[in-house]
Each structure stands twice: as C-alpha cells, then as structure tokens.
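Taking it in order: structure first as structure tokens, then the write-up.
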Amino acid sequence: MKIVIAPDSFKESLTALAAANAIEEGLKEVLPEAEYVKVPMADGGEGTVQSLVDATEGTIQYAEVTGPLGEKVNAFYGLLGDGKTAVIEMAAASGLELVPQSKRNPMVATTYGTGELIKVALDQGVERIIIGIGGSATNDGGAGMVQALGGKLLDGAGNQIAFGGAGLRELARIDLSELDPRLNGVAIDVACDVNNPLTGPKGASAIYGPQKGATPEQVELLDGYLTQYADIIKRDVGKDIRDVPGAGAAGGLGAGLLAFLPAQLKRGGDLVIEAVGLEQTVRDADLVLTGEGGINHQTIHGKTPICVASVAKKHDVPVIALAGSLTHDYTNVYDHGIDAVFSIVPGAVSLEEALASAYENMKGSARNVGAVLALGAGRKLV
C-alpha cells in the first residue's frame, strides 16, 4: 500500500512537515509495511515558504529589509531544492503581525520590504519567484515594492512619493526606466486566493482597510488614492488593472505586481501542487491523507485539503482529512473530493491544551485511521 501524506500546517502548533511526521508515525504503528510519501503542503498563505522548503529539501534564507513602518526587520524567504526557485511570503516583510495593534496605519505602511526581498532573490540568480500575498499591513498598491526595485513614483516636483497609502495622493508620474532589468528574466507567480478588485466597495481599502487600522474616513481617502494610482498606471504603464480579480489583494499589491512585474495571479494551492510535484506522487497511490487546523464551510474555496483532494480524485484515489476543529457545516467537503474527515482533538479541552498536544493527538488519530484500514483489509491487530 502506498500512502501519500499531504497536510497543511496547523497554525500555532505544527508545521506541515511536523503534521506529516505525526501522521506517518501513527499509521506505522498498525501498517508498518506500507510505503509512505510525505509532501508538506500549503495554499499560498502563512507557512507556504516552510512547506515548500521542506517538500523540496530547500533552505530558508534571511535578509534584513524595511518593515511596514519603515523600521528594519529580519525577514525570510525560501530557496527551493532546485536552486532556481525562490518563495516569498510578503507578510514576512510587510505583514500585519509585524505591527503592534496600536500602531497599525495603512496610510503610512509600505511594501518596500517586499520589493527588497524580491531583489535579494534576484541576487541569488533564481529563474522563478513564487510570492504569497496574504496577511499584509499595507494599502499602498505595491508602490513601495516597485520603488525598492528601481521604479520611480514621482510627485509634481520630480521626487519619489512618500511611503504608504497616503503617499499615493502626491503621485503625478511613473517612470520605470530604471526598474531592475533582471526582472525580465524571471517568471513570477503570485499566490492569490481573493477576487477583490483594486477599488470600489469590494476593493482593497473598503474590505481590508479597517483590519489594518483604517478609520471609515481613511478608507474613503485610500480608495480615492488607489483610484488615482490606477489611472496613472493606465496612462504611464499602459495596463488597466483596476478591476482585475485579485488586484485588491494585500492592499493592492496584486495590482502593483501585475502592473510593474512580469507576474501572473494563480490560486495558491495550485501553485504549491505544481511546485512539489504532487500529481506525480499521487497518481499511483492507494490513499491520500491531508488536513489543516480547521475544516469548515470555507475549506472548499481553495484551501489545501480541497486542492489535494482535487488532484487525488483525478486518479480515483480516496482521501481522508484530519483537522484540529470541525464546524457544523464542514460536511460540504464531501462534495469536493474528501471521503472522510476526523477531528484530532479527543475531547473538550482548552485551545492552549489542544495546541500543546497537537503532535500526539495527530499521531493517535492517524493510528486509529490505520487501524480501521487494517481491519477492513482483514488484518489482525497486535
């Protein structure tokens, strides 16, 4: 029996690789002769760098870059096992978690550090960059990002505009003549799982601005600044990105990447599946186990278990999912390729206890899954 183990990370408790290790340990207690293939997964959000590094035997690289509020932060990115692909989580340089709640302010927060991470990856000579754009503290449309890469966003006096969403109000002209030429030699894939346009009632400012500290008045101002930004991009760069689905992701970073870099937006899970070669691994498997911290009604919208199941079902491979928590409406995953779902939490416990015991709970749940498989095959359990 070949069993592929392809979970996402379990937030605040297990990396995807640790989750896979626990599942393998549990299964081996009752199915020791089976062949196990571990493929740490992610969907483009938090943990994507670690999962892809683990899956490809790559390395984590560190770099000091400019944080959201202009301070220096020690960020990271992944260099995959092929040595030619870099993976960046924009949140590592420009993320909301880098800013204390009392200081969150998208009027001044910048994506400059994300651009610096891209530049560091180019220094490594990579041929492909995968960028996850969730968890941003910013609403600058990727302005800081392109400035870090040599782009000039100029005010009426010919000076670079200030950092942050508010800096866009001074934008008069865009000059990309000094944009890093190495960008022309790389493929850039952006993991983006939202369809928000750049502006309007479903745009970056209206939907995500408040969680980044924007007041209602600031939301209105920021949306106006991004509208002006989109108009100038269309005039000076020749790209109309305002209403492109996903342009509003990460405070408009999706729009900036599309406008200034040779980038394309893709579903995060699909990018990871391609990068780790999951389909090749799954096609001759007898069973796939996947999972993530919580399975609920949102899981079917591009989350890791569904992405894994979609690949498995192309080859008629059954899929079992393990989760830390299940909501009452989790059963919709049964219509999307998952055959059975189990919670790894053995009873009523506090969140702290559940997180602390995640590895052992995962191992025990996997052991139980293995026992059912063994009994179904007519094996006597020791």
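Each chain in the structure tokens gets a letter, A, B and so on, in the order shown; residues start at 1 in every chain, and ligands are counted from 1 in the order they appear.
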
(request) With a distance cut-off of 7 Å and only C-alpha atoms, select the neighbouring residues of A:Leu198, excluding the residue or stretch itself and same-chain residues fewer than 3 positions from it, and output the selection as a PyMOL selection string. (result) chain A and resi 203-204+242-243+247-248+252+255

(request) Mind checking which residues fall within 6 Å of A:Asp223, counting only C-alpha atoms, ignoring those fewer than 2 positions away in the same chain, and posting them as a list in words? (result) Thr199, Ser205, Glu220, Leu221, Tyr225 and Leu226 of chain A

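Nearest to A:Leu17 of all the residues A:Glu46, A:Asp54, A:Asp270, A:Asp180 is A:Asp54, counting only C-alpha atoms.
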
(request) From a DSSP calculation on the backbone, collect every residue of stretch 192-326 of chain A in alpha helix (DSSP H) and output the set as a ChimeraX atom specification. (result) /A:204-208,216-236,249-260,268-276,278-282,304-314

(request) Pick out the closest residue to A:Gly83 from this set: A:Gly113, A:Val108, A:Glu127, A:Val120. Count only C-alpha atoms. (result) A:Glu127

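For A:Lys28, the set of protein, DNA and RNA residues having any atom at most 8 Å away, when counting only C-alpha atoms and skipping those fewer than 5 positions along the same chain, is A:Glu33, A:Ala34, A:Arg367, A:Gly370.
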
Output of the above residues as an mmCIF file, in the first residue's frame, restricted to N, CA, C and O atoms:
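Saved as part_10.cif:
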data_model
loop_
_atom_site.group_PDB
_atom_site.id
_atom_site.type_symbol
_atom_site.label_atom_id
_atom_site.label_comp_id
_atom_site.auth_asym_id
_atom_site.auth_seq_id
_atom_site.Cartn_x
_atom_site.Cartn_y
_atom_site.Cartn_z
ATOM 1 N N GLU A 33 4.255 -2.021 7.045
ATOM 2 C CA GLU A 33 4.825 -2.392 5.748
ATOM 3 C C GLU A 33 4.461 -1.440 4.620
ATOM 4 O O GLU A 33 4.969 -1.555 3.505
ATOM 5 N N ALA A 34 3.579 -0.495 4.897
ATOM 6 C CA ALA A 34 3.129 0.410 3.842
ATOM 7 C C ALA A 34 4.265 1.332 3.405
ATOM 8 O O ALA A 34 5.216 1.601 4.153
ATOM 9 N N ARG A 367 -3.186 6.800 13.914
ATOM 10 C CA ARG A 367 -3.134 5.387 14.311
ATOM 11 C C ARG A 367 -4.528 4.761 14.212
ATOM 12 O O ARG A 367 -4.694 3.634 13.735
ATOM 13 N N GLY A 370 -5.365 4.166 10.636
ATOM 14 C CA GLY A 370 -4.652 2.977 10.179
ATOM 15 C C GLY A 370 -5.279 1.694 10.677
ATOM 16 O O GLY A 370 -5.329 0.689 9.953
#

(message) Can you tell me which residues surround A:Leu98 at a distance of at most 9 Å, considering only C-alpha atoms, apart from same-chain residues fewer than 4 positions away, and format the answer as a PyMOL selection string?
(response) chain A and resi 67-68+73+91-94+137

Write out the residues from the selection above, keeping N, CA, C and O atoms, as a CSV table (one decimal), in the first residue's frame.
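What ended up in out12.csv:
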chain,number,residue,atom,x,y,z
A,67,GLY,N,10.7,47.2,7.2
A,67,GLY,CA,9.4,46.7,7.7
A,67,GLY,C,8.2,47.7,7.3
A,67,GLY,O,8.4,48.7,6.6
A,68,PRO,N,7.0,47.3,7.6
A,68,PRO,CA,5.8,48.1,7.2
A,68,PRO,C,5.9,49.6,7.6
A,68,PRO,O,5.4,50.4,6.9
A,73,VAL,N,13.5,45.0,9.7
A,73,VAL,CA,13.0,43.7,10.2
A,73,VAL,C,13.9,42.6,9.6
A,73,VAL,O,14.4,42.7,8.5
A,91,ALA,N,4.1,38.8,3.8
A,91,ALA,CA,3.9,39.1,5.2
A,91,ALA,C,5.2,39.0,6.1
A,91,ALA,O,5.3,39.6,7.1
A,92,ALA,N,6.2,38.3,5.6
A,92,ALA,CA,7.5,38.3,6.3
A,92,ALA,C,8.2,39.6,6.3
A,92,ALA,O,9.0,39.9,7.2
A,93,ALA,N,7.9,40.5,5.3
A,93,ALA,CA,8.5,41.8,5.2
A,93,ALA,C,7.5,42.9,5.5
A,93,ALA,O,7.9,43.9,6.0
A,94,SER,N,6.2,42.7,5.1
A,94,SER,CA,5.3,43.8,5.1
A,94,SER,C,3.9,43.4,5.8
A,94,SER,O,2.9,43.9,5.5
A,137,ALA,N,0.0,44.4,6.0
A,137,ALA,CA,-0.3,45.6,6.8
A,137,ALA,C,-0.5,46.8,6.0
A,137,ALA,O,-0.8,47.9,6.5

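Note that atom CA of A:Ala75 and atom CA of A:Arg267 are 23.9 Å apart.
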
Proximity check stretch 48-164 of chain A to stretch 8-15 of chain A, 9 Å, nearest pairs one decimal Å, only C-alpha atoms, as CSV:
residue,atom,partner,partner_atom,distance
A:Thr48,CA,A:Asp8,CA,8.8
A:Gln50,CA,A:Thr15,CA,7.6
A:Ser51,CA,A:Thr15,CA,7.4

Just N, CA and C atoms for this one: save the residues we selected as a compact mmCIF listing (two decimals), in the first residue's frame.
# COMPACT_ATOMS: atom_id res chain seq x y z
N THR A 48 3.68 28.83 3.74
CA THR A 48 3.98 28.35 2.39
C THR A 48 5.48 28.18 2.18
N GLN A 50 7.88 27.61 4.41
CA GLN A 50 8.38 26.45 5.15
C GLN A 50 7.95 25.14 4.51
N SER A 51 6.70 25.06 4.08
CA SER A 51 6.19 23.82 3.48
C SER A 51 6.93 23.49 2.18

(request) List the neighbours of A:Asn159 out to 10 Å using only C-alpha atoms; skip same-chain residues closer than 5 positions along the sequence, and give me the result as a PyMOL selection string. (result) chain A and resi 152-154+170-173
